Amino acid sequence: MRRVSVVVIGAGQAGLSAAYHLKRRGTHSFVVLDAEPAPGGAWRHRWESLTMTTVNGIFDLPGFPSPPIDADEPSRVAVPRYFAAFEEANDLPIQRPVRVSEVRRNGAGYWIGTDHGTWLADGIINATGTWTNPTLPPHPGRETFTGRQLHTSDYVSAAEFSGQRVAVVGGGISALEQLEEISRDAATFWYTRREPVFREGAFEPEEAGRETIAKVVADVEAGRPTGSVVSYTGLIWTPYALAARERGVLRRRPMFTAIEPTGVREADGSFTPVDVILWATGFRPALKHLEPLGLRNDRAGSGSGEPRSNPVCTSSVSARPSRPWGPTGRAGPRSVP
Ligand SMILES: Cc1cc2nc3c(=O)[nH]c(=O)nc-3n(C[C@H](O)[C@H](O)[C@H](O)COP(=O)(O)OP(=O)(O)OC[C@H]3O[C@@H](n4cnc5c(N)ncnc54)[C@H](O)[C@@H]3O)c2cc1C
């Protein structure tokens with residue numbers, strides 16, 4: 001059993017930023033526990049075509065300007081390299097791979113159980129992001145489908161769907177990107193629960209970014225459940241969305257009512273045969289290990305609406321509105337589907 005003042009859980013953008021500030025403030029002792037085998041957080045898992053041109057922009061880590069961009073480099077290579085350089089330059093006490101399985105109260109502090117031993121801490125900062133908790137909404141007949149079903153997080157490249165009939169479910173940016181790519185060489189059918197709402201005009205980090213973060217923080221601090229990022233920002237006309245519109249791919253259908261062995265039953269009762277259902281239905285905060293703390297309220301938000309004390313959960317909008325690294329002028333924090 002080891003004892004520290006603060007345990008930071010997760011070493012993505014949020015956990016690294018927290019660790020930097022703990023160190024800068026001279027926090028007596030702290031450790032960062034990260035489940036990944038190497039630096040990069042969720043960025044280690046992005047699909048190949050999500051390059052430094054097609055990301056929406058990634059904000060600099062504190063005090064560490066991002067390097068020049070190679071526009072064609074996959075973000076899953078470039079971003080982890082940048083994070084690794086940050087960790088080394090700041091000599092952060094990161095332990096990996098260490099997965100936190102549960103956090104319990106221990107007097108005035110916390111007991112943290114992991115797959116590599118236990119820790120005691122006065123406070124925790126939870127920065128576990130969302131990538132490890134993909135959302136798969138229940139849908140009648142899903143288990144009867146004989147074709148392939150996958151989630152955005154399992155997507156590798158459009159090539160694997162060549163010549164197939166693919167239902168893409170979801171109204172976020174990842175859904176649009178994957179729809180556009182897949183539709184170049186496959187028949188696609190796009191389903192969303194609600195009519196997608198596109199934002200007119202640019203998403204300026206200094207204005208729209210700050211507004212978005214303020215809305216998310218207000219919901220979190222009031223104990224309300226947070227929505228998808230798109231529900232705060234609206235959909236952005238990314239190059240993918242524009243290309244899809246130009247090629248006539250953005251023909252949205254209302255959500256199908258049931259899944260059958262070889263296809264989907266449309267809202268109007270007709271049947272559409274499909275080989276694949278791609279669930280681009282987003283992610284939720286990965287907070288299972290915090291369940292023993294009883295932070296959920298009866299509105300499915302967390303906390304009582306009181307101002308935050310420890311433990312601190314970083315919000316899913318982790319990026320500060322400042323200069324984004326990546327294509328400029330397109331967007332601030334990316335909209336997660
Ligand atoms: C497809 C896609 C593209 C995106 N593009 C952008 C973009 O262009 N710009 C942008 O700003 N944002 C983008 N985002 C949002 C992006 O995920 C976040 O901005 C960023 O990754 C969040 O950082 P984070 O530190 O909160 O979480 P993460 O990067 O997910 O890091 C969390 C870390 O915690 C670890 N962890 C999780 N559970 C545990 C546990 N129990 N114990 C120990 N460690 C744990 C994980 O392994 C991971 O290392 C995108 C999201 C998706 C899904």
# chains A, B, ... in the order shown; residues from 1 in each chain; ligands from 1
>>> residues_around(residues="Arg165 (chain A)", least_positions_apart="2", cutoff="9 Å", atoms="only C-alpha atoms", output="PyMOL selection string")
chain A and resi 161-163+167+186-189+273-277
>>> residues_around(residues="region 278-282 of chain A", least_positions_apart="6", cutoff="12 Å", atoms="only C-alpha atoms", output="ChimeraX atom specification")
/A:130-139,142,147-156,158,161,165-179,182,188-193,227-231,255,316,335-337
>>> select_by_dssp(residues="region 163-307 of chain A", states="alpha helix (DSSP H)", output="count of residues only")
36
>>> residues_around(residues="Leu22 (chain A)", least_positions_apart="5", cutoff="12 Å", atoms="only C-alpha atoms", output="MDAnalysis selection string")
chainID A and resid 5:8 15:17 27:32 62 90 92:93 123:125
>>> write_last_selection(atoms="N, CA and C atoms", output="compact mmCIF listing (two decimals), in the first residue's frame")
# COMPACT_ATOMS: atom_id res chain seq x y z
N SER A 5 -0.45 12.41 -1.72
CA SER A 5 -1.49 13.43 -1.51
C SER A 5 -2.60 13.28 -2.55
N VAL A 6 -2.19 13.12 -3.82
CA VAL A 6 -3.19 13.10 -4.89
C VAL A 6 -2.87 11.97 -5.87
N VAL A 7 -3.91 11.23 -6.26
CA VAL A 7 -3.79 10.27 -7.36
C VAL A 7 -4.57 10.85 -8.54
N VAL A 8 -3.89 11.02 -9.67
CA VAL A 8 -4.56 11.41 -10.92
C VAL A 8 -4.83 10.10 -11.67
N GLY A 15 -5.46 14.44 -17.82
CA GLY A 15 -4.62 13.97 -16.71
C GLY A 15 -3.24 14.61 -16.75
N LEU A 16 -2.69 14.76 -17.96
CA LEU A 16 -1.35 15.37 -18.07
C LEU A 16 -1.40 16.84 -17.65
N SER A 17 -2.46 17.53 -18.05
CA SER A 17 -2.57 18.95 -17.66
C SER A 17 -2.69 19.07 -16.14
N THR A 27 2.66 20.44 -5.19
CA THR A 27 1.92 19.41 -4.44
C THR A 27 2.91 18.41 -3.87
N HIS A 28 2.76 18.16 -2.61
CA HIS A 28 3.74 17.40 -1.85
C HIS A 28 4.11 16.08 -2.55
N SER A 29 3.11 15.27 -2.84
CA SER A 29 3.41 14.02 -3.55
C SER A 29 2.17 13.63 -4.34
N PHE A 30 2.38 13.20 -5.55
CA PHE A 30 1.24 12.73 -6.35
C PHE A 30 1.74 11.71 -7.35
N VAL A 31 0.78 10.97 -7.91
CA VAL A 31 1.13 9.97 -8.92
C VAL A 31 0.01 9.97 -9.96
N VAL A 32 0.37 9.65 -11.21
CA VAL A 32 -0.62 9.51 -12.27
C VAL A 32 -0.66 8.03 -12.63
N PRO A 62 -0.11 22.41 -21.29
CA PRO A 62 0.35 23.65 -20.66
C PRO A 62 1.87 23.85 -20.75
N ASN A 90 8.61 17.25 -18.51
CA ASN A 90 8.13 17.67 -17.19
C ASN A 90 8.41 16.64 -16.10
N LEU A 92 7.12 13.77 -15.24
CA LEU A 92 5.90 13.51 -14.46
C LEU A 92 5.91 12.08 -13.90
N PRO A 93 5.41 11.90 -12.68
CA PRO A 93 5.41 10.57 -12.05
C PRO A 93 4.24 9.72 -12.54
N GLY A 123 -6.74 13.07 -2.00
CA GLY A 123 -7.67 13.50 -3.06
C GLY A 123 -7.39 12.74 -4.34
N ILE A 124 -8.39 12.69 -5.22
CA ILE A 124 -8.14 12.12 -6.55
C ILE A 124 -8.60 13.11 -7.61
N ILE A 125 -7.95 13.05 -8.75
CA ILE A 125 -8.43 13.78 -9.93
C ILE A 125 -8.72 12.71 -10.96
>>> residues_around(residues="Val100 (chain A)", least_positions_apart="2", cutoff="10 Å", atoms="only C-alpha atoms", output="PyMOL selection string")
chain A and resi 9-10+33-35+97-98+102-103+112-119+128+288-290
>>> residues_around(residues="Ala71 (chain A)", least_positions_apart="5", cutoff="7 Å", atoms="only C-alpha atoms", output="list in words")
Thr51, Met52 and Thr53 of chain A
>>> residues_around(residues="region 257-259 of chain A", least_positions_apart="4", cutoff="6 Å", atoms="only C-alpha atoms", output="PyMOL selection string")
chain A and resi 140-142+264-267
>>> write_last_selection(atoms="C-alpha atoms", output="mmCIF file, in the first residue's frame")
data_model
loop_
_atom_site.group_PDB
_atom_site.id
_atom_site.type_symbol
_atom_site.label_atom_id
_atom_site.label_comp_id
_atom_site.auth_asym_id
_atom_site.auth_seq_id
_atom_site.Cartn_x
_atom_site.Cartn_y
_atom_site.Cartn_z
ATOM 1 C CA PRO A 140 -35.022 -4.337 -30.905
ATOM 2 C CA GLY A 141 -33.659 -7.332 -32.808
ATOM 3 C CA ARG A 142 -29.998 -6.364 -32.532
ATOM 4 C CA VAL A 264 -33.313 -3.056 -40.922
ATOM 5 C CA ARG A 265 -37.024 -2.261 -40.788
ATOM 6 C CA GLU A 266 -37.488 1.382 -41.762
ATOM 7 C CA ALA A 267 -39.733 3.843 -39.919
#
